[in-house]
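The file protein_11.txt contains compact mmCIF, C-alpha atoms:
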# COMPACT_ATOMS: atom_id res chain seq x y z
CA MET J 1146 -43.06 -1.32 17.39
CA GLY J 1147 -40.28 -3.29 15.78
CA LEU J 1148 -37.21 -4.80 17.29
CA PRO J 1149 -34.53 -2.38 18.50
CA MET J 1150 -31.59 -1.66 16.22
CA ALA J 1151 -28.51 -3.61 17.26
CA ALA J 1152 -26.69 -0.30 17.61
CA GLU J 1153 -29.28 0.77 20.16
CA VAL J 1154 -28.88 -2.49 22.00
CA GLN J 1155 -25.12 -1.90 22.07
CA ALA J 1156 -25.63 1.56 23.46
CA ARG J 1157 -27.32 -0.01 26.45
CA ALA J 1158 -25.07 -3.02 26.84
CA PRO J 1159 -21.73 -2.64 25.07
CA LEU J 1160 -20.28 -5.61 26.90
CA THR J 1161 -23.06 -8.01 25.93
CA PRO J 1162 -22.60 -9.84 22.62
CA VAL J 1163 -25.54 -9.97 20.22
CA THR J 1164 -25.88 -13.31 18.48
CA HIS J 1165 -25.29 -13.16 14.75
CA ARG J 1166 -25.57 -15.87 12.14
CA VAL J 1167 -23.13 -16.44 9.28
CA VAL J 1168 -25.13 -15.93 6.09
CA GLY J 1169 -22.21 -16.02 3.69
CA ARG J 1170 -18.56 -16.90 3.56
CA ARG J 1171 -15.86 -16.13 1.02
CA ASP J 1172 -12.35 -17.54 1.11
CA GLU J 1173 -10.20 -14.57 0.08
CA THR J 1174 -6.79 -16.27 0.31
CA ALA J 1175 -5.36 -19.39 1.91
CA ASP J 1176 -5.68 -17.88 5.39
CA VAL J 1177 -8.17 -15.02 5.02
CA VAL J 1178 -11.94 -15.42 5.12
CA THR J 1179 -14.76 -12.88 4.79
CA LEU J 1180 -17.83 -13.64 6.86
CA LEU J 1181 -21.20 -12.06 6.11
CA LEU J 1182 -23.28 -11.73 9.28
CA GLU J 1183 -26.86 -10.93 10.23
CA ALA J 1184 -28.29 -10.54 13.71
CA THR J 1185 -30.56 -13.41 14.73
CA ASP J 1186 -33.04 -10.89 16.19
CA GLY J 1187 -33.42 -9.24 12.78
CA SER J 1188 -31.88 -5.94 13.87
CA ARG J 1189 -29.45 -4.10 11.62
CA LEU J 1190 -26.17 -2.63 12.70
CA ARG J 1191 -25.32 0.98 11.95
CA TYR J 1192 -21.64 1.72 11.63
CA SER J 1193 -19.12 3.90 9.86
CA ALA J 1194 -16.18 2.86 7.70
CA GLY J 1195 -13.17 2.29 9.94
CA GLN J 1196 -15.01 1.04 13.01
CA PHE J 1197 -14.59 -2.45 14.43
CA ASN J 1198 -16.58 -5.11 16.23
CA MET J 1199 -15.60 -7.57 18.90
CA LEU J 1200 -16.38 -10.98 17.43
CA TYR J 1201 -16.92 -13.79 19.91
CA ALA J 1202 -16.28 -17.35 18.76
CA TYR J 1203 -18.40 -19.16 21.27
CA ALA J 1204 -16.44 -21.20 23.81
CA VAL J 1205 -13.15 -19.98 22.33
CA GLY J 1206 -12.81 -16.24 22.83
CA GLU J 1207 -13.21 -12.75 21.48
CA VAL J 1208 -11.15 -10.67 19.10
CA ALA J 1209 -11.40 -7.22 17.51
CA ILE J 1210 -12.12 -7.31 13.77
CA SER J 1211 -12.63 -4.29 11.53
CA ILE J 1212 -15.78 -4.06 9.47
CA SER J 1213 -15.04 -4.59 5.78
CA ALA J 1214 -18.53 -3.89 4.40
CA ASN J 1215 -19.86 -0.74 2.78
CA PRO J 1216 -21.65 1.21 5.55
CA VAL J 1217 -24.16 2.73 3.14
CA ASP J 1218 -25.09 -0.68 1.76
CA ASP J 1219 -28.14 -2.50 3.11
CA GLY J 1220 -26.55 -5.93 2.88
CA PRO J 1221 -25.20 -8.05 5.68
CA ILE J 1222 -22.28 -6.76 7.72
CA ALA J 1223 -18.93 -8.19 6.60
CA HIS J 1224 -15.78 -8.96 8.54
CA THR J 1225 -12.58 -10.18 6.96
CA VAL J 1226 -10.54 -12.37 9.28
CA ARG J 1227 -6.99 -13.63 8.95
CA ASN J 1228 -6.20 -16.91 10.66
CA VAL J 1229 -3.39 -15.92 13.01
CA GLY J 1230 -4.41 -17.34 16.39
CA THR J 1231 -6.84 -19.41 18.39
CA VAL J 1232 -9.88 -17.13 18.11
CA SER J 1233 -9.32 -16.06 14.51
CA ARG J 1234 -8.83 -19.71 13.56
CA ALA J 1235 -12.20 -20.54 15.10
CA LEU J 1236 -13.82 -17.63 13.26
CA CYS J 1237 -12.23 -18.71 9.98
CA GLY J 1238 -13.77 -22.13 10.55
CA LEU J 1239 -17.33 -20.78 10.59
CA HIS J 1240 -19.73 -21.51 7.74
CA PRO J 1241 -23.21 -20.33 6.77
CA GLY J 1242 -25.68 -21.25 9.50
CA ASP J 1243 -23.09 -21.03 12.31
CA SER J 1244 -23.49 -18.45 15.06
CA LEU J 1245 -21.16 -16.07 16.84
CA GLY J 1246 -21.41 -13.18 19.25
CA LEU J 1247 -20.85 -9.59 18.14
CA ARG J 1248 -20.30 -6.42 20.16
CA GLY J 1249 -20.04 -2.92 18.86
CA PRO J 1250 -19.41 -1.14 16.55
CA PHE J 1251 -16.66 0.59 18.45
CA GLY J 1252 -14.10 3.31 17.88
CA SER J 1253 -13.47 6.17 15.52
CA ASP J 1254 -14.04 6.04 11.76
CA TRP J 1255 -12.10 7.20 8.71
CA GLY J 1256 -13.84 10.58 8.81
CA LEU J 1257 -14.93 10.49 5.20
CA ASP J 1258 -17.30 13.44 5.61
CA SER J 1259 -14.42 15.75 6.48
CA ALA J 1260 -12.52 14.47 3.43
CA ALA J 1261 -15.33 15.21 1.00
CA GLY J 1262 -14.55 17.67 -1.77
CA GLY J 1263 -10.85 16.89 -1.81
CA ASP J 1264 -8.48 14.26 -3.12
CA LEU J 1265 -7.97 10.94 -1.37
CA VAL J 1266 -4.91 8.74 -1.15
CA ILE J 1267 -5.68 5.28 0.23
CA VAL J 1268 -2.78 2.97 1.06
CA ALA J 1269 -3.35 -0.62 2.18
CA GLY J 1270 -0.83 -3.21 3.25
CA GLY J 1271 -1.71 -6.90 3.51
CA ILE J 1272 -4.86 -7.56 5.50
CA GLY J 1273 -5.05 -3.79 6.08
CA LEU J 1274 -7.08 -3.74 2.89
CA ALA J 1275 -10.07 -5.10 4.84
CA PRO J 1276 -10.96 -1.97 6.83
CA LEU J 1277 -10.13 0.12 3.77
CA ARG J 1278 -12.45 -1.95 1.60
CA SER J 1279 -15.21 -0.47 3.73
CA VAL J 1280 -14.15 3.05 2.84
CA ILE J 1281 -13.30 2.29 -0.81
CA THR J 1282 -16.73 0.80 -1.46
CA GLN J 1283 -18.37 3.80 0.20
CA VAL J 1284 -16.27 6.21 -1.87
CA ILE J 1285 -17.28 4.37 -5.04
CA SER J 1286 -20.95 4.54 -4.11
CA GLN J 1287 -20.60 8.29 -3.41
CA ARG J 1288 -17.93 8.97 -6.01
CA GLN J 1289 -19.07 12.50 -6.88
CA ARG J 1290 -18.31 13.69 -3.33
CA PHE J 1291 -14.53 13.29 -3.78
CA GLY J 1292 -11.78 14.55 -6.05
CA ASP J 1293 -9.04 12.31 -7.40
CA VAL J 1294 -8.78 8.97 -5.63
CA GLU J 1295 -5.48 7.06 -5.62
CA ILE J 1296 -5.46 3.56 -4.14
CA VAL J 1297 -2.17 1.77 -3.46
CA ILE J 1298 -2.30 -1.85 -2.33
CA GLY J 1299 0.75 -3.76 -1.18
CA THR J 1300 0.81 -7.46 -0.52
CA ARG J 1301 3.44 -10.11 0.03
CA THR J 1302 2.67 -12.18 -3.07
CA PRO J 1303 -0.02 -12.02 -5.78
CA GLU J 1304 -1.75 -15.02 -4.20
CA GLU J 1305 -2.10 -13.17 -0.88
CA LEU J 1306 -4.08 -10.29 -2.35
CA ALA J 1307 -7.54 -10.25 -0.75
CA PHE J 1308 -10.71 -9.22 -2.62
CA LYS J 1309 -9.10 -10.08 -5.96
CA ASP J 1310 -12.27 -9.75 -8.03
CA GLU J 1311 -13.19 -6.43 -6.46
CA VAL J 1312 -9.67 -5.06 -6.88
CA SER J 1313 -9.83 -6.05 -10.55
CA ALA J 1314 -13.15 -4.24 -10.86
CA TRP J 1315 -11.73 -1.14 -9.17
CA ARG J 1316 -8.82 -1.17 -11.65
CA GLU J 1317 -11.28 -1.18 -14.53
CA ARG J 1318 -12.88 2.06 -13.36
CA ASP J 1319 -11.69 5.26 -14.97
CA ASP J 1320 -12.56 7.34 -11.90
CA LEU J 1321 -10.08 5.55 -9.65
CA SER J 1322 -6.34 5.08 -9.95
CA VAL J 1323 -5.43 1.71 -8.46
CA HIS J 1324 -1.87 0.45 -8.01
CA VAL J 1325 -1.14 -3.07 -6.79
CA THR J 1326 2.39 -4.00 -5.84
CA VAL J 1327 3.80 -7.22 -4.42
CA ASP J 1328 6.91 -7.81 -2.36
CA ARG J 1329 7.66 -11.09 -4.08
CA ALA J 1330 6.56 -11.92 -7.60
CA THR J 1331 5.51 -15.44 -8.38
CA PRO J 1332 5.47 -16.98 -11.87
CA GLY J 1333 2.96 -15.29 -14.13
CA TRP J 1334 2.87 -11.96 -12.26
CA ARG J 1335 3.28 -9.06 -14.69
CA GLY J 1336 2.52 -6.26 -12.28
CA THR J 1337 4.59 -4.03 -10.04
CA VAL J 1338 7.14 -5.50 -7.62
CA GLY J 1339 8.31 -3.46 -4.63
CA VAL J 1340 7.10 -2.09 -1.30
CA VAL J 1341 4.21 0.39 -1.30
CA THR J 1342 6.51 3.30 -0.54
CA THR J 1343 8.19 2.89 -3.94
CA VAL J 1344 4.85 3.56 -5.63
CA LEU J 1345 4.10 6.77 -3.74
CA PRO J 1346 6.46 9.07 -5.69
CA ARG J 1347 4.50 8.27 -8.86
CA ILE J 1348 0.93 8.86 -7.71
CA HIS J 1349 -1.07 12.07 -7.87
CA CYS J 1350 -0.77 13.56 -4.42
CA ASP J 1351 -2.44 16.85 -3.51
CA PRO J 1352 -0.82 18.29 -0.36
CA ALA J 1353 -4.25 19.48 0.71
CA GLY J 1354 -5.79 16.03 0.34
CA VAL J 1355 -6.47 13.34 2.90
CA ALA J 1356 -4.58 10.04 3.20
CA LEU J 1357 -5.96 6.88 4.77
CA ILE J 1358 -3.44 4.17 5.65
CA CYS J 1359 -3.96 0.70 7.07
CA GLY J 1360 -1.47 -2.11 7.43
CA PRO J 1361 1.29 -3.29 9.71
CA GLU J 1362 2.61 -0.49 11.93
CA VAL J 1363 6.04 -0.31 10.29
CA MET J 1364 4.46 -0.10 6.84
CA MET J 1365 2.18 2.73 8.02
CA ARG J 1366 5.17 4.59 9.47
CA PHE J 1367 7.17 4.44 6.24
CA THR J 1368 4.08 5.28 4.20
CA ALA J 1369 3.25 8.31 6.34
CA LEU J 1370 6.85 9.53 6.05
CA ALA J 1371 6.74 9.13 2.27
CA LEU J 1372 3.47 11.09 2.09
CA LEU J 1373 4.92 13.84 4.28
CA GLU J 1374 7.77 14.03 1.77
CA ARG J 1375 5.13 14.53 -0.92
CA GLY J 1376 3.92 17.55 1.02
CA MET J 1377 0.88 16.11 2.77
CA GLN J 1378 0.03 17.33 6.25
CA ALA J 1379 0.35 15.09 9.33
CA ALA J 1380 -3.09 16.24 10.47
CA LYS J 1381 -4.60 14.92 7.24
CA ILE J 1382 -2.88 11.55 7.27
CA ARG J 1383 -5.05 9.01 9.08
CA VAL J 1384 -3.89 5.58 10.17
CA SER J 1385 -5.80 2.67 11.66
CA MET J 1386 -4.00 1.32 14.70
CA GLU J 1387 -4.08 -2.27 15.83
CA ARG J 1388 -3.67 -3.03 19.50
CA ASN J 1389 -4.82 -5.68 21.93
CA MET J 1390 -8.47 -4.67 22.27
CA GLN J 1391 -10.23 -6.48 25.10
CA CYS J 1392 -13.12 -4.49 26.57
CA ALA J 1393 -13.42 -2.10 23.58
CA VAL J 1394 -14.92 0.57 25.86
CA ALA J 1395 -11.77 2.25 27.25
CA GLN J 1396 -11.90 0.53 30.60
CA CYS J 1397 -9.38 -2.29 30.72
CA GLY J 1398 -6.34 -0.45 29.32
CA HIS J 1399 -5.00 -3.36 27.27
CA CYS J 1400 -4.99 -1.27 24.09
CA GLN J 1401 -3.58 1.85 25.72
CA LEU J 1402 -0.91 3.75 23.84
CA GLY J 1403 0.23 6.47 26.21
CA SER J 1404 -2.89 8.44 27.02
CA VAL J 1405 -4.71 7.08 23.97
CA PHE J 1406 -7.21 4.26 24.28
CA VAL J 1407 -6.96 2.79 20.79
CA CYS J 1408 -10.36 1.08 21.15
CA ALA J 1409 -12.20 4.33 21.85
CA ASP J 1410 -10.01 7.22 20.68
CA GLY J 1411 -9.00 5.09 17.69
CA PRO J 1412 -8.55 2.85 15.88
CA VAL J 1413 -8.37 5.65 13.29
CA LEU J 1414 -6.04 8.40 14.47
CA THR J 1415 -4.23 11.21 12.72
CA TRP J 1416 -0.53 10.79 12.12
CA GLU J 1417 -0.07 14.08 13.93
CA ARG J 1418 -1.44 12.49 17.07
CA VAL J 1419 0.01 9.01 16.82
CA GLU J 1420 3.53 9.70 15.55
CA PRO J 1421 4.89 11.08 18.83
CA LEU J 1422 3.59 7.97 20.60
CA LEU J 1423 5.14 5.54 18.12
CA SER J 1424 8.55 7.16 18.38
CA VAL J 1425 8.72 6.46 22.14
CA ARG J 1426 10.80 3.32 22.53
CA GLN J 1427 8.83 2.01 25.47
CA LEU J 1428 5.46 3.25 26.68
CA MET H 962 18.52 24.29 -24.29
CA ASN H 963 18.20 21.51 -26.89
CA ALA H 964 15.03 19.45 -27.25
CA LEU H 965 16.38 16.38 -25.43
CA ALA H 966 17.63 18.46 -22.51
CA ASP H 967 14.23 20.10 -22.36
CA GLU H 968 12.55 16.68 -22.17
CA LEU H 969 14.91 15.55 -19.42
CA THR H 970 14.01 18.47 -17.16
CA ALA H 971 10.63 16.75 -16.70
CA HIS H 972 12.30 13.50 -15.60
CA ARG H 973 12.46 12.94 -11.83
CA PHE H 974 16.11 11.85 -11.88
CA PHE H 975 17.25 15.06 -13.59
CA ALA H 976 15.02 17.44 -11.61
CA ARG H 977 16.64 20.83 -10.96
CA MET H 978 19.88 19.83 -12.70
CA ASP H 979 21.97 22.72 -13.96
CA ALA H 980 20.89 23.51 -17.54
CA ALA H 981 24.48 23.56 -18.81
CA HIS H 982 25.10 20.10 -17.34
CA LEU H 983 21.96 18.78 -18.97
CA GLU H 984 23.10 20.09 -22.33
CA VAL H 985 26.43 18.31 -21.92
CA LEU H 986 24.77 15.02 -20.93
CA THR H 987 22.45 15.01 -23.90
CA GLY H 988 25.53 14.75 -26.10
CA CYS H 989 25.70 11.14 -24.89
CA GLY H 990 21.97 10.37 -25.10
CA ARG H 991 19.18 9.62 -27.54
CA ASN H 992 15.51 8.69 -27.41
CA VAL H 993 14.64 5.03 -27.92
CA VAL H 994 11.56 2.82 -27.83
CA ILE H 995 11.98 -0.74 -26.55
CA ARG H 996 9.22 -3.16 -27.43
CA ALA H 997 7.47 -5.15 -24.71
CA GLY H 998 9.19 -8.44 -23.95
CA THR H 999 12.60 -7.26 -25.16
CA SER H 1000 15.66 -7.97 -23.05
CA ILE H 1001 17.39 -4.66 -22.23
CA ILE H 1002 20.40 -5.72 -20.19
CA ARG H 1003 21.85 -9.06 -19.09
CA GLU H 1004 23.68 -9.93 -15.89
CA GLY H 1005 27.45 -10.08 -16.36
CA GLU H 1006 27.51 -8.19 -19.65
CA PRO H 1007 29.36 -4.86 -19.97
CA ALA H 1008 27.47 -1.99 -18.33
CA ASP H 1009 27.82 0.35 -21.27
CA SER H 1010 24.53 2.26 -21.03
CA PHE H 1011 22.28 4.17 -18.66
CA TRP H 1012 18.54 4.52 -19.16
CA ALA H 1013 16.11 7.22 -18.09
CA ILE H 1014 12.63 5.72 -18.40
CA ARG H 1015 9.99 8.10 -19.72
CA ALA H 1016 7.10 5.67 -20.14
CA GLY H 1017 6.43 1.97 -19.71
CA ARG H 1018 7.65 -0.54 -17.16
CA VAL H 1019 10.85 -2.55 -16.81
CA ALA H 1020 11.25 -5.75 -14.78
CA LEU H 1021 14.52 -6.35 -12.93
CA GLY H 1022 15.50 -9.92 -12.23
CA VAL H 1023 18.12 -12.60 -12.27
CA THR H 1024 18.54 -15.54 -14.59
CA VAL H 1025 17.73 -18.89 -13.03
CA PRO H 1026 18.25 -21.64 -15.63
CA GLY H 1027 15.07 -23.54 -16.36
CA ARG H 1028 12.83 -21.00 -14.65
CA GLU H 1029 10.98 -17.89 -15.61
CA MET H 1030 12.99 -14.84 -14.58
CA PRO H 1031 12.01 -14.03 -10.98
CA THR H 1032 11.19 -10.32 -10.87
CA LEU H 1033 12.99 -8.56 -8.05
CA GLY H 1034 11.58 -5.14 -8.76
CA THR H 1035 9.91 -3.00 -11.38
CA LEU H 1036 10.94 0.38 -12.73
CA HIS H 1037 8.53 2.96 -14.09
CA ALA H 1038 8.38 6.37 -15.73
CA GLY H 1039 10.65 8.70 -13.79
CA ASP H 1040 13.00 5.89 -12.73
CA VAL H 1041 16.45 5.16 -14.10
CA LEU H 1042 17.82 1.79 -15.11
CA GLY H 1043 21.42 0.93 -14.39
CA TRP H 1044 24.06 2.13 -11.94
CA ALA H 1045 26.81 -0.40 -12.65
CA TRP H 1046 28.01 1.80 -15.52
CA LEU H 1047 29.38 4.26 -12.95
CA PHE H 1048 31.47 1.83 -10.89
CA PRO H 1049 34.19 -0.66 -11.92
CA PRO H 1050 34.16 -3.36 -13.17
CA TYR H 1051 31.24 -1.90 -15.22
CA ARG H 1052 29.25 -5.15 -15.46
CA TRP H 1053 25.50 -5.53 -14.99
CA HIS H 1054 24.38 -7.16 -11.76
CA PHE H 1055 20.86 -7.98 -12.96
CA ASP H 1056 18.75 -8.69 -16.00
CA ALA H 1057 16.15 -6.20 -17.18
CA ASP H 1058 13.24 -6.84 -19.55
CA ALA H 1059 10.65 -4.44 -20.94
CA LEU H 1060 7.21 -5.33 -19.56
CA ASP H 1061 5.49 -2.78 -21.81
CA ASP H 1062 6.67 -0.71 -24.72
CA VAL H 1063 9.27 1.41 -22.96
CA HIS H 1064 10.12 4.95 -24.01
CA ALA H 1065 13.48 5.98 -22.63
CA VAL H 1066 16.53 8.13 -23.12
CA VAL H 1067 19.57 5.88 -23.36
CA PHE H 1068 23.01 7.28 -22.60
CA ASP H 1069 26.32 5.87 -23.78
CA ALA H 1070 28.12 5.06 -20.53
CA VAL H 1071 31.66 5.49 -21.84
CA CYS H 1072 30.69 8.92 -23.12
CA LEU H 1073 29.04 9.77 -19.78
CA ARG H 1074 32.06 8.70 -17.77
CA GLY H 1075 34.25 10.82 -20.01
CA LYS H 1076 32.07 13.88 -19.43
CA CYS H 1077 32.12 13.26 -15.68
CA GLU H 1078 35.93 12.96 -15.61
CA ALA H 1079 36.26 16.13 -17.67
CA ASP H 1080 33.89 18.16 -15.49
CA PRO H 1081 34.09 17.16 -11.80
CA ALA H 1082 31.11 19.36 -10.90
CA LEU H 1083 28.96 17.49 -13.40
CA GLY H 1084 30.44 14.18 -12.27
CA PHE H 1085 29.74 14.93 -8.62
CA ASP H 1086 26.17 15.97 -9.37
CA LEU H 1087 25.52 12.83 -11.38
CA ALA H 1088 27.20 10.61 -8.77
CA LYS H 1089 25.03 12.15 -6.02
CA ARG H 1090 21.89 11.47 -8.04
CA VAL H 1091 22.87 7.85 -8.68
CA ALA H 1092 23.78 7.47 -4.98
CA GLY H 1093 20.33 8.82 -4.12
CA VAL H 1094 18.72 6.15 -6.28
CA LEU H 1095 20.89 3.47 -4.68
CA GLY H 1096 19.86 4.78 -1.25
CA GLU H 1097 16.17 4.59 -2.15
CA ARG H 1098 16.55 1.04 -3.44
CA LEU H 1099 18.57 -0.07 -0.41
CA HIS H 1100 15.89 1.41 1.86
CA ALA H 1101 13.13 -0.36 -0.08
CA ALA H 1102 15.05 -3.65 0.00
CA ARG H 1103 15.49 -3.37 3.77
CA ILE H 1104 11.79 -2.70 4.27
CA ARG H 1105 11.03 -5.78 2.17
CA LEU H 1106 13.30 -7.84 4.41
CA LEU H 1107 10.93 -7.01 7.27
CA ASP H 1108 8.31 -9.17 5.52
CA LEU H 1109 5.76 -6.53 6.47
CA TYR H 1110 2.61 -8.30 5.46
CA GLY H 1111 3.35 -11.70 6.93
CA PRO H 1112 1.16 -13.19 9.65
CA SER H 1113 1.39 -11.27 12.92
CA ASP H 1114 0.92 -12.63 16.40
CA GLY H 1115 -2.76 -12.39 17.07
CA GLY H 1116 -5.84 -13.72 18.72
Is it possible to give me this structure as structure tokens?
Amino acid sequence: MGLPMAAEVQARAPLTPVTHRVVGRRDETADVVTLLLEATDGSRLRYSAGQFNMLYAYAVGEVAISISANPVDDGPIAHTVRNVGTVSRALCGLHPGDSLGLRGPFGSDWGLDSAAGGDLVIVAGGIGLAPLRSVITQVISQRQRFGDVEIVIGTRTPEELAFKDEVSAWRERDDLSVHVTVDRATPGWRGTVGVVTTVLPRIHCDPAGVALICGPEVMMRFTALALLERGMQAAKIRVSMERNMQCAVAQCGHCQLGSVFVCADGPVLTWERVEPLLSVRQL
Amino acid sequence: MNALADELTAHRFFARMDAAHLEVLTGCGRNVVIRAGTSIIREGEPADSFWAIRAGRVALGVTVPGREMPTLGTLHAGDVLGWAWLFPPYRWHFDADALDDVHAVVFDAVCLRGKCEADPALGFDLAKRVAGVLGERLHAARIRLLDLYGPSDGG
């Protein structure tokens, strides 16, 4: 009998990190790194696009990071980390051969199965592209399951666009419509300039389709409102929420948003469910 | 309805405009093609035209001597270029260059203003549409001021 799957281990001990080794590293931008990880016990993680792990930089701390790999791919699991604090800085400093602890996967996913057969609108802002990369790569590998796919990516500057080579490859495909827009053009940029919401009136948008949004909360709010204006339904607009995840198993309450535990009920929630909570000035 | 008016009904800016008003407006307009890289308007020059973009992209920017024009925004099919033609002193506030071959309907602004003065209902409709565009651009500019994608506090 072989070693247990990491997912099975997690089912027994969700609070115990499983040691993983960095088997690859890619510097996406000046402050964003993608780490490719494999469990040191040889087990493989099963996860769905949209879920997250708790990554533990030994002796420093733990932080929630979305999975950015294709869940139907057999390769190593990937996490894309932006250097914004003590733990993420330590994670960004890891190189092949280094170890870290990993818990999970946790939380809800993008619900791709329920979106099959219809059109998809995918809107990413900044580092929000990381959890959506997981779903975009899965959609590409199962392209026949979906209708029209519109991808809108907003970033601060052209240099801060993550996954540049992949985004270029997506743009080359004739079965995807990919729009990249930057807030601030730098010399040499010949693409679109403006916030993501300014792109939305121009895309194909089936009111019966499903929208997946990930980015800063304000960006998701304006994006959801713009998609509602295009006739989409709040129940079919899904957003990935970011909160202070600590236990990741709906016990500590750090990530609580009203009655919602973002770590367990989310991070992916429908706009129908999350909008009333975000409009409360203080929860 | 004449052919140009018929084409304009498909343009986002003119959506659901009264057919008689569209007919009147087309008396001031004509189809043009602007080659990629061409300067369309220049900051400070008389705002004597109004453009409804049908295809291609336009970059809006400002002139900074010795530097490539910093692009402040891009306009696309369904957008309009120019609002300064409607308000004194009728001078452009920005530069605009064609990024691609741009297909557009260009209107003579003096002619347009004359039609608006002569028919207040048409003038009010057009002014509301331009105000709507200004509102959208102000909203987008304010969102950009939030620097949405910058580093957040985090762990």
Taking all atoms of region 1348-1354 of chain J that appear in the file, build a box with edges along x, y and z, extend it by 6 Å on every side, and state its centre and edge lengths in Å to one decimal, as JSON.
{"center_x": -2.4, "center_y": 14.2, "center_z": -3.6, "size_x": 18.7, "size_y": 22.6, "size_z": 20.6}
Query raised in the report: Which is closest to chain H among J:Val1168, J:Val1232, J:Ala1353, J:Leu1422, if we use all atoms listed in the file?
Result: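 Nearest to chain H: J:Val1232.
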Query raised in the report: Mind pulling up the distance from CA of Val1294 (chain J) to CA of Ile1267 (chain J)?
Result: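 We find that CA of Ile1267 (chain J) and CA of Val1294 (chain J) lie 7.6 Å from each other.
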Report task. Find the spatial neighbours of region 962-964 of chain H, counting only C-alpha atoms, within a cut-off of 9 Å - ignore same-chain residues fewer than 3 positions away - and output them as a PyMOL selection string. Result -> chain H and resi 967-969+980-981+983-984+987
Within 9 Å of chain H: each chain J residue with its shortest pair, only C-alpha atoms, as a Markdown table:
| residue | atom | partner | partner_atom | distance |
| --- | --- | --- | --- | --- |
| J:Gly1206 | CA | H:Gly1116 | CA | 8.5 |
| J:Glu1207 | CA | H:Gly1116 | CA | 7.9 |
| J:Val1208 | CA | H:Gly1116 | CA | 6.1 |
| J:Ala1209 | CA | H:Gly1116 | CA | 8.6 |
| J:Arg1227 | CA | H:Pro1112 | CA | 8.2 |
| J:Asn1228 | CA | H:Pro1112 | CA | 8.3 |
| J:Val1229 | CA | H:Gly1115 | CA | 5.4 |
| J:Gly1230 | CA | H:Gly1116 | CA | 4.5 |
| J:Thr1231 | CA | H:Gly1116 | CA | 5.8 |
| J:Val1232 | CA | H:Gly1116 | CA | 5.3 |
| J:Ser1233 | CA | H:Gly1116 | CA | 5.9 |
| J:Arg1234 | CA | H:Gly1116 | CA | 8.5 |
| J:Gly1270 | CA | H:Tyr1110 | CA | 6.5 |
| J:Gly1271 | CA | H:Tyr1110 | CA | 4.9 |
| J:Ile1272 | CA | H:Tyr1110 | CA | 7.5 |
| J:Gly1273 | CA | H:Tyr1110 | CA | 8.9 |
| J:Gly1299 | CA | H:Tyr1110 | CA | 8.3 |
| J:Thr1300 | CA | H:Tyr1110 | CA | 6.3 |
| J:Arg1301 | CA | H:Tyr1110 | CA | 5.8 |
| J:Asp1328 | CA | H:Arg1105 | CA | 6.5 |
| J:Arg1329 | CA | H:Leu1033 | CA | 7.1 |
| J:Ala1330 | CA | H:Thr1032 | CA | 5.9 |
| J:Thr1331 | CA | H:Pro1031 | CA | 7.1 |
| J:Pro1332 | CA | H:Glu1029 | CA | 6.7 |
| J:Gly1333 | CA | H:Glu1029 | CA | 8.6 |
| J:Trp1334 | CA | H:Thr1032 | CA | 8.6 |
| J:Arg1335 | CA | H:Leu1060 | CA | 7.3 |
| J:Gly1336 | CA | H:Thr1035 | CA | 8.1 |
| J:Thr1337 | CA | H:Thr1035 | CA | 5.6 |
| J:Val1338 | CA | H:Gly1034 | CA | 4.6 |
| J:Gly1339 | CA | H:Gly1034 | CA | 5.5 |
| J:Val1340 | CA | H:Ala1101 | CA | 6.4 |
| J:Thr1342 | CA | H:Ala1101 | CA | 7.6 |
| J:Thr1343 | CA | H:Ala1101 | CA | 7.1 |
| J:Arg1347 | CA | H:Gly1039 | CA | 7.9 |
| J:Gly1360 | CA | H:Tyr1110 | CA | 7.7 |
| J:Pro1361 | CA | H:Leu1109 | CA | 6.4 |
| J:Glu1362 | CA | H:Leu1109 | CA | 8.7 |
| J:Val1363 | CA | H:Leu1109 | CA | 7.3 |
| J:Met1364 | CA | H:Leu1109 | CA | 6.6 |
| J:Phe1367 | CA | H:Ile1104 | CA | 8.7 |
| J:Asn1389 | CA | H:Gly1115 | CA | 8.5 |
Requested in this report: Considering all atoms listed in the file, state which residue in the set H:Asp1062, H:Asp1086, H:Asp1056, H:Asp1009 is at the smallest distance from Cys989 (chain H).
Outcome: H:Asp1009
Query - Minimum-distance residue to Glu1173 (chain J), chosen among J:His1399, J:Glu1311, J:Ala1369, J:Ala1393 (using all atoms listed in the file) - result: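 Closest to Glu1173 (chain J) of all the choices is J:Glu1311.
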**Report entry** Closest of H:Ile1001, H:Val1091, H:Leu1083, H:Val993 to Trp1046 (chain H) - atom-to-atom distances counting all atoms listed in the file
**Finding:**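 Among the listed residues, H:Val1091 lies closest to Trp1046 (chain H).
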Requested in this report: Select, from J:Arg1171, J:Ala1356, J:Gly1246, J:Asp1176, the residue with the minimum atom-to-atom distance to Glu1304 (chain J), counting only C-alpha atoms.
Outcome: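 Among J:Arg1171, J:Ala1356, J:Gly1246, J:Asp1176, it is J:Asp1176 that comes nearest to Glu1304 (chain J).
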Requested in this report: Find the spatial neighbours of Leu1073 (chain H), counting only C-alpha atoms, within a cut-off of 9 Å - ignore same-chain residues fewer than 2 positions away - and output them as an MDAnalysis selection string.
Outcome: chainID H and resid 986 988:990 1010:1011 1047 1068:1071 1075:1078 1084
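Proximity to Val1178 (chain J) was assessed for J:Thr1302, J:Ser1313, J:Ser1322, J:Ser1213 counting all atoms listed in the file; the smallest distance is recorded for J:Ser1213.
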